$ cat input-v8.cif   # mmCIF, C-alpha atoms
data_model
#
loop_
_atom_site.label_atom_id
_atom_site.label_comp_id
_atom_site.auth_asym_id
_atom_site.auth_seq_id
_atom_site.Cartn_x
_atom_site.Cartn_y
_atom_site.Cartn_z
CA MET R 16 209.00 254.93 60.77
CA THR R 17 212.11 256.95 61.47
CA THR R 18 214.78 257.57 58.97
CA SER R 19 218.43 257.67 59.97
CA PRO R 20 220.46 260.71 59.00
CA PRO R 21 222.39 260.33 55.81
CA LEU R 22 225.88 259.13 56.19
CA THR R 23 228.50 261.76 55.41
CA ALA R 24 232.10 261.11 54.73
CA ALA R 25 234.48 262.13 57.49
CA PRO R 26 236.43 265.29 56.61
CA ARG R 27 239.86 264.60 55.37
CA ARG R 28 242.72 265.99 57.39
CA PRO R 29 245.04 268.17 55.41
CA ALA R 30 248.21 266.42 54.58
CA SER R 31 250.85 267.58 57.03
CA ALA R 32 253.92 269.10 55.57
CA PRO R 33 256.98 266.88 55.81
CA ARG R 34 259.01 267.64 58.90
CA ARG R 35 262.44 269.04 58.31
CA PRO R 36 265.21 267.01 59.88
CA ARG R 37 266.45 268.61 63.06
CA PRO R 38 270.11 269.64 62.92
CA LEU R 39 272.28 267.70 65.28
CA LEU R 40 273.86 270.90 66.56
CA SER R 41 272.26 274.29 66.20
CA VAL R 42 274.52 277.27 65.71
CA ARG R 43 272.73 279.05 68.52
CA ALA R 44 273.40 276.08 70.84
CA VAL R 45 277.16 276.46 70.49
CA PRO R 46 278.46 278.47 73.47
CA PRO R 47 280.22 281.60 72.21
CA VAL R 48 282.85 281.08 74.92
CA LEU R 49 284.32 278.07 73.08
CA PRO R 50 287.09 280.11 71.36
CA VAL R 51 288.29 281.18 74.82
CA VAL R 52 288.20 277.58 76.01
CA ALA R 53 290.31 276.68 72.97
CA VAL R 54 292.96 279.18 74.08
CA VAL R 55 293.08 277.50 77.49
CA ALA R 56 293.33 274.05 75.91
CA LEU R 57 296.21 275.10 73.64
CA LEU R 58 298.28 275.95 76.72
CA GLY R 59 298.49 272.23 77.36
CA LEU R 60 300.76 271.77 74.33
CA PRO R 61 304.56 271.65 74.76
CA VAL R 62 306.29 275.01 74.41
CA ALA R 63 309.35 275.23 72.18
CA ALA R 64 312.42 276.65 73.90
CA GLY R 65 312.97 280.32 73.11
CA SER R 66 309.70 280.72 71.19
CA ALA R 67 308.33 284.27 71.29
CA ALA R 68 304.77 283.32 70.32
CA THR R 69 302.70 280.22 70.99
CA PRO R 70 299.56 278.68 69.45
CA ALA R 71 297.60 280.08 72.40
CA ASP R 72 298.75 283.60 71.52
CA ALA R 73 297.62 283.09 67.93
CA ALA R 74 294.28 281.74 69.14
CA SER R 75 293.82 284.79 71.37
CA ALA R 76 293.83 286.90 68.20
CA LEU R 77 291.01 284.71 66.86
CA VAL R 78 289.15 285.25 70.14
CA VAL R 79 289.29 289.00 69.58
CA LEU R 80 288.07 288.50 66.01
CA ALA R 81 285.20 286.26 67.17
CA ALA R 82 284.14 288.88 69.71
CA LEU R 83 284.22 291.56 67.03
CA VAL R 84 282.05 289.49 64.66
CA ARG R 85 279.56 288.71 67.44
CA THR R 86 279.36 292.39 68.35
CA LEU R 87 278.62 293.37 64.75
CA LEU R 88 275.85 290.75 64.53
CA ARG R 89 274.14 291.89 67.72
CA ALA R 90 271.97 294.99 67.50
CA ARG R 91 272.94 296.48 70.83
CA ARG R 92 275.76 298.38 72.46
CA PRO R 93 278.35 295.75 73.45
CA LEU R 94 279.82 297.40 76.57
CA THR R 95 278.45 299.51 79.35
CA ARG R 96 279.88 302.96 79.95
CA GLY R 97 281.65 301.73 83.08
CA ALA R 98 283.26 298.86 81.17
CA VAL R 99 284.58 301.23 78.50
CA ILE R 100 286.15 303.48 81.13
CA VAL R 101 287.68 300.73 83.29
CA LEU R 102 289.05 298.61 80.44
CA GLY R 103 290.08 301.60 78.34
CA LEU R 104 292.19 303.27 81.04
CA PRO R 105 295.37 301.22 80.35
CA VAL R 106 295.45 302.46 76.75
CA VAL R 107 296.38 305.96 77.93
CA GLY R 108 299.45 305.07 79.98
CA VAL R 109 300.68 302.38 77.58
CA ALA R 110 300.39 304.66 74.54
CA VAL R 111 302.36 307.45 76.22
CA ALA R 112 305.06 304.98 77.34
CA ALA R 113 305.24 303.53 73.82
CA ALA R 114 305.95 307.01 72.46
CA GLY R 115 308.97 307.17 74.77
CA ALA R 116 310.40 303.75 73.86
CA MET R 117 314.02 303.49 72.76
CA SER R 118 313.17 302.05 69.35
CA THR R 119 310.18 301.67 67.06
CA GLY R 120 310.34 297.89 67.41
CA ASP R 121 310.18 298.09 71.21
CA ALA R 122 307.30 300.53 70.98
CA TRP R 123 305.17 298.30 68.75
CA THR R 124 305.94 294.99 70.47
CA GLY R 125 305.42 296.46 73.93
CA LEU R 126 302.21 298.21 72.91
CA ALA R 127 300.83 295.05 71.31
CA ARG R 128 301.63 292.93 74.35
CA TYR R 129 300.06 295.29 76.88
CA LEU R 130 296.95 295.82 74.78
CA GLN R 131 296.62 292.06 74.24
CA VAL R 132 296.85 291.18 77.93
CA PHE R 133 295.00 294.06 79.58
CA VAL R 134 292.57 295.41 76.96
CA LEU R 135 291.79 293.36 73.85
CA VAL R 136 291.56 289.81 75.20
CA PRO R 137 289.75 290.83 78.43
CA VAL R 138 287.18 292.78 76.38
CA ALA R 139 286.77 289.80 74.03
CA VAL R 140 286.25 287.40 76.96
CA LEU R 141 283.73 289.81 78.48
CA LEU R 142 281.75 289.75 75.23
CA LEU R 143 281.98 285.99 74.64
CA VAL R 144 281.08 284.82 78.16
CA ARG R 145 277.36 285.19 77.58
CA ASP R 146 276.00 283.85 80.87
CA ARG R 147 276.71 281.77 83.94
CA ARG R 148 276.94 278.55 81.92
CA GLY R 149 279.70 280.03 79.79
CA ALA R 150 281.55 281.23 82.88
CA ARG R 151 281.35 277.80 84.49
CA LEU R 152 282.60 276.14 81.31
CA LEU R 153 285.59 278.47 81.25
CA LEU R 154 286.32 277.89 84.95
CA TRP R 155 286.24 274.12 84.55
CA SER R 156 288.55 274.39 81.53
CA LEU R 157 291.05 276.18 83.80
CA VAL R 158 290.77 273.34 86.30
CA GLY R 159 291.23 270.76 83.54
CA LEU R 160 294.35 272.49 82.23
CA ALA R 161 295.73 272.67 85.77
CA LEU R 162 295.16 268.93 86.29
CA TRP R 163 296.96 268.15 83.03
CA GLN R 164 299.95 270.37 83.73
CA GLY R 165 300.01 269.28 87.37
CA ALA R 166 300.09 265.60 86.45
CA ILE R 167 303.07 266.22 84.16
CA GLY R 168 304.77 268.20 86.92
CA VAL R 169 304.33 265.47 89.52
CA LYS R 170 305.76 262.93 87.09
CA GLN R 171 308.74 265.22 86.49
CA TYR R 172 309.39 265.40 90.23
CA LEU R 173 309.05 261.65 90.81
CA THR R 174 311.23 260.69 87.84
CA ALA R 175 313.77 263.54 88.25
CA THR R 176 313.03 264.86 84.75
CA GLY R 177 311.96 268.37 85.76
CA ALA R 178 313.83 271.65 85.80
CA SER R 179 317.05 271.95 87.73
CA TYR R 180 316.65 272.94 91.39
CA GLN R 181 319.54 272.81 93.87
CA GLY R 182 321.51 270.45 91.65
CA ALA R 183 318.63 268.01 91.01
CA ASP R 184 316.11 267.94 88.16
CA ILE R 185 313.07 267.88 90.45
CA ARG R 186 311.29 271.18 89.86
CA ALA R 187 307.83 270.67 88.34
CA VAL R 188 307.41 272.90 85.27
CA GLY R 189 304.89 270.97 83.15
CA THR R 190 305.15 271.58 79.41
CA PHE R 191 306.52 275.12 79.85
CA GLY R 192 310.15 274.10 80.34
CA PRO R 193 312.84 275.56 82.59
CA SER R 194 312.84 278.92 80.81
CA ASP R 195 309.35 279.64 82.20
CA VAL R 196 309.34 278.07 85.67
CA MET R 197 306.37 280.23 86.66
CA GLY R 198 304.22 278.85 83.83
CA MET R 199 303.04 275.62 85.43
CA ALA R 200 302.90 277.24 88.87
CA SER R 201 300.52 279.92 87.55
CA VAL R 202 298.34 277.42 85.69
CA VAL R 203 298.05 275.11 88.69
CA ALA R 204 297.40 278.04 91.03
CA PHE R 205 294.60 279.25 88.75
CA GLY R 206 293.14 275.75 88.93
CA VAL R 207 293.29 275.69 92.74
CA VAL R 208 291.60 279.09 93.02
CA ALA R 209 288.93 278.25 90.42
CA ALA R 210 288.16 274.86 91.99
CA THR R 211 287.98 276.40 95.46
CA GLY R 212 285.50 279.01 94.30
CA LEU R 213 283.41 276.43 92.45
CA ALA R 214 283.31 274.22 95.55
CA LEU R 215 282.36 277.06 97.90
CA GLY R 216 279.61 278.42 95.66
CA ALA R 217 278.16 275.16 94.32
CA ARG R 218 274.61 274.17 95.21
CA GLU R 219 274.89 270.65 93.81
CA ARG R 220 276.66 268.15 96.05
CA ARG R 221 278.39 266.42 93.12
CA GLN R 222 279.96 269.61 91.84
CA ARG R 223 281.04 270.55 95.36
CA LEU R 224 282.76 267.19 95.91
CA VAL R 225 284.45 267.12 92.49
CA ALA R 226 285.71 270.69 92.81
CA THR R 227 287.01 270.05 96.33
CA ALA R 228 288.84 266.93 95.20
CA CYS R 229 290.43 268.85 92.30
CA ALA R 230 291.55 271.68 94.57
CA VAL R 231 293.16 269.28 97.06
CA ALA R 232 294.86 267.25 94.33
CA LEU R 233 296.33 270.37 92.73
CA LEU R 234 298.05 271.37 95.97
CA VAL R 235 300.69 268.68 95.33
CA PRO R 236 302.01 270.00 91.98
CA LEU R 237 301.69 273.55 93.31
CA ALA R 238 304.04 272.65 96.15
CA LEU R 239 306.43 270.86 93.79
CA SER R 240 306.69 273.98 91.59
CA PHE R 241 308.79 275.58 94.39
CA SER R 242 307.28 278.94 93.42
CA ARG R 243 307.09 281.14 96.51
CA GLY R 244 305.10 283.88 94.79
CA ALA R 245 302.46 281.42 93.58
CA TRP R 246 302.17 279.92 97.07
CA ILE R 247 301.58 283.30 98.68
CA ALA R 248 299.08 284.47 96.04
CA THR R 249 297.15 281.18 96.20
CA ALA R 250 296.94 281.29 99.98
CA VAL R 251 295.66 284.89 99.92
CA ALA R 252 293.12 284.27 97.14
CA CYS R 253 291.73 281.05 98.65
CA ALA R 254 291.56 282.61 102.13
CA ALA R 255 289.66 285.57 100.71
CA GLN R 256 287.17 283.27 98.96
CA LEU R 257 286.64 281.33 102.17
CA LEU R 258 286.00 284.49 104.18
CA LEU R 259 283.59 285.78 101.55
CA ALA R 260 281.73 282.46 101.68
CA GLY R 261 281.41 282.50 105.49
CA VAL R 262 283.62 282.80 108.57
CA ARG R 263 282.63 279.45 110.11
CA ARG R 264 283.36 277.54 106.93
CA ALA R 265 286.66 279.39 106.59
CA ALA R 266 287.76 278.34 110.09
CA ALA R 267 286.95 274.68 109.39
CA VAL R 268 288.77 274.69 106.05
CA PHE R 269 291.82 276.44 107.51
CA ALA R 270 292.08 273.72 110.17
CA ALA R 271 291.72 270.95 107.57
CA ALA R 272 294.35 272.58 105.31
CA ALA R 273 296.80 272.85 108.21
CA ALA R 274 296.29 269.17 109.05
CA LEU R 275 296.74 268.16 105.41
CA SER R 276 299.97 270.14 105.17
CA VAL R 277 301.36 268.40 108.24
CA VAL R 278 300.49 264.98 106.80
CA LEU R 279 301.90 265.67 103.33
CA VAL R 280 305.11 267.39 104.33
CA GLY R 281 305.83 266.09 107.79
CA GLY R 282 304.23 262.65 107.88
CA LEU R 283 304.84 261.43 104.35
CA GLY R 284 308.00 263.42 103.71
CA VAL R 285 306.87 264.74 100.33
CA GLY R 286 309.86 266.90 99.48
CA ALA R 287 310.05 267.96 103.13
CA ALA R 288 313.63 269.27 103.12
CA ALA R 289 313.33 271.22 99.85
CA LEU R 290 309.91 272.61 100.71
CA GLU R 291 311.01 273.64 104.20
CA GLU R 292 314.05 275.43 102.78
CA ARG R 293 311.91 277.18 100.17
CA LEU R 294 309.33 278.28 102.72
CA THR R 295 311.99 279.54 105.10
CA SER R 296 313.63 281.60 102.34
CA ILE R 297 310.46 283.72 102.02
CA THR R 298 311.30 285.51 105.27
CA GLN R 299 315.08 285.57 104.78
CA VAL R 300 315.40 289.05 103.35
CA THR R 301 318.28 290.40 105.42
CA ASP R 302 319.50 287.24 107.13
CA SER R 303 321.52 285.22 104.58
CA PRO R 304 319.07 285.33 101.65
CA ASP R 305 319.70 283.16 98.59
CA GLN R 306 320.92 284.67 95.32
CA SER R 307 317.46 284.70 93.75
CA VAL R 308 316.16 286.85 96.60
CA VAL R 309 319.20 289.14 96.31
CA ASP R 310 318.63 289.54 92.57
CA ARG R 311 314.95 290.27 93.06
CA TYR R 312 315.44 293.01 95.64
CA THR R 313 318.35 294.48 93.69
CA MET R 314 316.18 294.80 90.59
CA TRP R 315 313.36 296.28 92.68
CA ALA R 316 315.74 298.97 93.90
CA ALA R 317 316.93 299.61 90.33
CA ALA R 318 313.33 300.00 89.11
CA ALA R 319 312.56 302.48 91.89
CA ASP R 320 315.70 304.43 90.99
CA MET R 321 314.62 304.61 87.33
CA TRP R 322 311.27 306.02 88.42
CA ARG R 323 312.94 308.72 90.51
CA GLU R 324 314.77 309.93 87.41
CA HIS R 325 311.66 309.73 85.18
CA PRO R 326 308.72 310.08 87.58
CA VAL R 327 305.86 310.94 85.20
CA THR R 328 306.24 308.80 82.08
CA GLY R 329 309.09 306.39 82.97
CA VAL R 330 311.96 305.28 80.78
CA GLY R 331 309.74 303.85 78.02
CA LEU R 332 308.27 300.48 77.11
CA LYS R 333 310.73 297.53 77.19
CA ALA R 334 313.55 299.86 78.29
CA PHE R 335 314.18 298.30 81.72
CA PRO R 336 317.05 296.03 80.49
CA ALA R 337 318.87 298.99 78.93
CA TYR R 338 318.71 301.05 82.14
CA ARG R 339 319.17 298.14 84.57
CA ASP R 340 322.97 298.05 84.88
CA GLY R 341 323.17 301.81 85.36
CA HIS R 342 320.88 301.66 88.40
CA ALA R 343 321.57 298.22 89.93
CA SER R 344 324.19 297.51 92.58
CA LEU R 345 327.06 295.06 92.17
CA ALA R 346 325.08 292.44 94.12
CA LEU R 347 323.04 291.68 90.98
CA SER R 348 324.13 288.50 89.21
CA SER R 349 324.46 288.25 85.44
CA GLY R 350 321.43 285.97 85.13
CA SER R 351 319.66 282.91 86.43
CA ASP R 352 320.72 279.34 85.66
CA THR R 353 318.14 277.23 83.86
CA GLY R 354 318.29 273.65 82.68
CA GLY R 355 316.66 270.26 82.87
CA ALA R 356 313.23 269.17 81.59
CA GLY R 357 314.77 268.19 78.26
CA GLN R 358 316.73 271.40 77.74
CA GLU R 359 320.41 272.14 78.04
CA PHE R 360 321.90 274.41 80.67
CA ARG R 361 321.77 278.10 79.80
CA ARG R 362 322.17 281.45 81.50
CA GLN R 363 318.92 283.38 81.29
CA PRO R 364 319.31 287.18 81.51
CA LEU R 365 317.31 289.20 84.03
CA LEU R 366 315.21 291.48 81.84
CA SER R 367 312.56 292.67 84.29
CA PRO R 368 312.24 293.47 88.01
CA HIS R 369 309.87 290.52 88.60
CA ASN R 370 307.31 292.92 90.08
CA MET R 371 304.58 294.17 87.78
CA TYR R 372 303.93 297.33 89.75
CA LEU R 373 307.60 298.33 89.74
CA LEU R 374 307.83 297.45 86.04
CA LEU R 375 304.95 299.84 85.38
CA LEU R 376 306.51 302.49 87.57
CA SER R 377 309.95 302.25 85.94
CA GLU R 378 308.84 302.00 82.29
CA GLN R 379 305.58 303.99 82.36
CA GLY R 380 305.97 306.25 85.42
CA LEU R 381 303.14 307.45 87.61
CA LEU R 382 300.90 307.89 84.56
CA GLY R 383 301.19 304.20 83.70
CA LEU R 384 300.80 303.05 87.29
CA VAL R 385 297.65 305.14 87.80
CA THR R 386 296.00 304.15 84.53
CA VAL R 387 296.95 300.47 84.31
CA ALA R 388 296.99 299.48 88.00
CA GLY R 389 294.08 301.85 88.61
CA SER R 390 292.07 299.87 86.08
CA TRP R 391 292.83 296.67 88.00
CA LEU R 392 291.79 298.23 91.31
CA ALA R 393 288.52 299.49 89.83
CA LEU R 394 287.90 296.02 88.43
CA LEU R 395 288.44 294.44 91.85
CA VAL R 396 286.10 296.92 93.56
CA CYS R 397 283.36 296.30 90.97
CA ALA R 398 283.82 292.52 91.22
CA LEU R 399 283.48 292.53 95.02
CA ARG R 400 280.45 294.81 94.76
CA GLY R 401 278.86 292.44 92.27
CA LEU R 402 279.50 289.53 94.63
CA ARG R 403 277.87 291.39 97.49
CA ARG R 404 274.67 292.17 95.61
CA GLY R 405 274.61 289.02 93.48
CA ALA R 406 272.19 286.17 94.11
CA ALA R 407 273.32 283.09 96.03
CA ARG R 408 272.93 280.94 92.92
CA LEU R 409 275.66 282.99 91.21
CA ARG R 410 278.33 282.52 93.86
CA ASP R 411 279.88 279.52 92.06
CA VAL R 412 281.04 281.91 89.32
CA GLY R 413 281.35 285.13 91.34
CA LEU R 414 283.68 283.71 93.99
CA PRO R 415 286.23 282.21 91.57
CA ALA R 416 286.12 285.32 89.34
CA CYS R 417 287.02 287.50 92.32
CA GLY R 418 289.57 284.95 93.52
CA LEU R 419 291.38 284.76 90.19
CA LEU R 420 291.62 288.54 89.96
CA LEU R 421 292.91 288.82 93.52
CA TRP R 422 295.44 286.05 92.88
CA GLN R 423 296.81 287.93 89.90
CA LEU R 424 297.07 291.24 91.74
CA VAL R 425 298.94 289.60 94.65
CA ASN R 426 301.17 287.59 92.32
CA PHE R 427 302.14 290.80 90.52
CA LEU R 428 304.12 291.66 93.66
CA TYR R 429 306.52 288.82 92.73
CA ALA R 430 306.11 288.47 88.96
CA ASP R 431 305.25 290.37 85.79
CA ILE R 432 303.93 289.57 82.33
CA GLY R 433 306.04 287.48 79.99
CA GLY R 434 306.22 283.89 78.85
CA PRO R 435 303.72 281.51 77.24
CA SER R 436 301.34 281.52 80.22
CA THR R 437 300.75 285.29 79.97
CA VAL R 438 297.72 284.82 77.71
CA LEU R 439 296.05 282.99 80.61
CA THR R 440 296.42 286.16 82.66
CA ALA R 441 294.42 287.98 79.98
CA VAL R 442 291.70 285.30 80.12
CA CYS R 443 291.41 285.62 83.90
CA PHE R 444 291.17 289.41 83.65
CA GLY R 445 288.42 288.94 81.08
CA LEU R 446 286.48 286.54 83.30
CA ALA R 447 286.74 288.98 86.19
CA ALA R 448 285.62 291.80 83.87
CA TRP R 449 282.56 289.77 82.84
CA TRP R 450 281.56 289.34 86.47
CA ALA R 451 282.35 292.93 87.46
CA LEU R 452 281.23 294.94 84.42
CA SER R 453 278.64 293.01 82.42
CA ARG R 454 274.94 293.83 82.58
CA ASP R 455 272.99 292.25 85.44
CA GLU R 456 270.69 290.32 83.10
CA GLU R 457 273.70 288.70 81.41
CA ARG R 458 275.09 287.46 84.74
CA VAL R 459 271.71 286.09 85.83
CA ALA R 460 271.07 284.36 82.48
CA GLY R 461 271.61 280.63 82.76
CA ALA R 462 271.59 280.75 86.56
CA GLY R 463 268.77 278.28 86.92
#
$ encode --input "input-v8.cif" --output "structure tokens"
Amino acid sequence: MTTSPPLTAAPRRPASAPRRPRPLLSVRAVPPVLPVVAVVALLGLPVAAGSAATPADAASALVVLAALVRTLLRARRPLTRGAVIVLGLPVVGVAVAAAGAMSTGDAWTGLARYLQVFVLVPVAVLLLVRDRRGARLLLWSLVGLALWQGAIGVKQYLTATGASYQGADIRAVGTFGPSDVMGMASVVAFGVVAATGLALGARERRQRLVATACAVALLVPLALSFSRGAWIATAVACAAQLLLAGVRRAAAVFAAAAALSVVLVGGLGVGAAALEERLTSITQVTDSPDQSVVDRYTMWAAAADMWREHPVTGVGLKAFPAYRDGHASLALSSGSDTGGAGQEFRRQPLLSPHNMYLLLLSEQGLLGLVTVAGSWLALLVCALRGLRRGAARLRDVGLPACGLLLWQLVNFLYADIGGPSTVLTAVCFGLAAWWALSRDEERVAGAG
């Protein structure tokens, strides 16, 4: 007779500790680039006429503060040695030019503006764009802002509620108003360049199609801005991105763009007469140029003359208006006429040469040109080098970063800093600095 083994009670499982509720949004999951995106979004708000500062400018100060806090919390050196040198170069020329300003107020305001646009905000963007995902988010925010401003601009053209142009209120200016006619043109151009780069570098078909559609749609408000400098800079930047992406693709896109231009301007008559006149005026330098061209070249000559008298350090920050009449010819008009878009007619004084390089040369001399523009050139070289050695999966952020920087450097031949949209220039310099100067592991992070 066999006996069965005694029954033993099954071991009790230890009571599991109650699970803590998962937070809906972890602090670590919040992209650190969001303060920069907020600056871009604030540029969609209407700009008050004659306002010296905007909500976007105030938010850019918070971006710098956020970057500083993040740097203090991270136990590592925030910038590489190359980044410190390249982004710190402008401080030298600007500080020397500020010492030679005509007044203490001009010195401090000029110094603050230059450091904001070319040093502090770019460094902050470099620190807050943590990886490829952050860069893509910032690029798409630029495209979104461009679509918003472009839609307002197209409506202004169709309803004749834009800025005054040749006696009609048809110039698309978005929310920036007639006092900053380059504002919407710059924003929309940034959107075209960013969307083109995203489309050329995208691996996903959906992103490629959406980015292409955005770039094509933004060509309409860009044309209706009647901004010759923005047209030229956009054409150069987009052509450069296409060539960097491949010669065959560039040839096909060039042919499609030419056909689209013929359909829009010639076939449909979208502002054909005004656009044709504006395009023709680009080459009319000596043969019956319009007054805006005369003013531009007269101020360029005046800036060059100032530099000849003060070749090393220039005439001082914000001193161009004071020296302008003493060096300009009688062909210079007293100002440009602005009006429309909800604002009354006013005569806007010509306070700069509308050429960033000549502004640097006249106010900061060779020292300022070498340090400030030299920093931009070094940034471009590093960005192109990073694109050459970067992986194919990073081209959707590398191409637009290089394109935005190139657009700005070409546009500086026809414009300078000033106006509400200037803070966007600082953001684009920061995005290019992230691509050109950040550590390789930070660029590759999030590239899957």
$ atom_distance --input "input-v8.cif" --atom1 "atom CA of Leu143 of chain R" --atom2 "atom CA of Pro50 of chain R"
8.5 Å
$ residues_around --input "input-v8.cif" --residues "segment 432-437 of chain R" --least-positions-apart "3" --cutoff "9 Å" --atoms "all atoms listed in the file" --output "PyMOL selection string"
chain R and resi 58+62+66-69+71-72+128-129+132+191+194-195+197-199+201-202+369+371+427+440-441
$ residues_around --input "input-v8.cif" --residues "segment 222-226 of chain R" --least-positions-apart "5" --cutoff "12 Å" --atoms "all atoms listed in the file" --output "JSON, numbers by chain"
{"R": [151, 154, 155, 157, 158, 159, 162, 206, 207, 208, 209, 210, 211, 212, 213, 214, 215, 216, 217, 231, 232, 233, 411, 415]}
$ closest_residue --input "input-v8.cif" --among "R:Leu141, R:Ala53, R:Leu399, R:Leu135" --to "Thr95 of chain R" --atoms "all atoms listed in the file"
R:Leu141
$ closest_residue --input "input-v8.cif" --among "R:Leu83, R:Ala430, R:Ala255, R:Ala318" --to "Ser242 of chain R" --atoms "only C-alpha atoms"
R:Ala430
$ resolve_selection --input "input-v8.cif" --expression "the PyMOL selection byres ((chain R and resi 111) around 9)" --output "PyMOL selection string"
chain R and resi 106-110+112-115+328+331+379+382-383
$ closest_residue --input "input-v8.cif" --among "R:Gly244, R:Phe444, R:Leu373, R:Trp123" --to "Pro326 of chain R" --atoms "only C-alpha atoms"
R:Leu373
$ atom_distance --input "input-v8.cif" --atom1 "atom CA of Val442 of chain R" --atom2 "atom CA of Gln131 of chain R"
10.2 Å
$ resolve_selection --input "input-v8.cif" --expression "the PyMOL selection byres ((chain R and resi 417) around 12)" --output "PyMOL selection string"
chain R and resi 205+208-209+211-213+251-257+259-260+391-392+394-403+410-416+418-424+443-451
$ resolve_selection --input "input-v8.cif" --expression "the PyMOL selection byres ((chain R and resi 93) around 10)" --output "ChimeraX atom specification"
/R:82-83,85-87,89-92,94-96,98-99,138,141-142,453-454
$ atom_distance --input "input-v8.cif" --atom1 "atom CA of Glu324 of chain R" --atom2 "atom CA of Ser377 of chain R"
9.2 Å
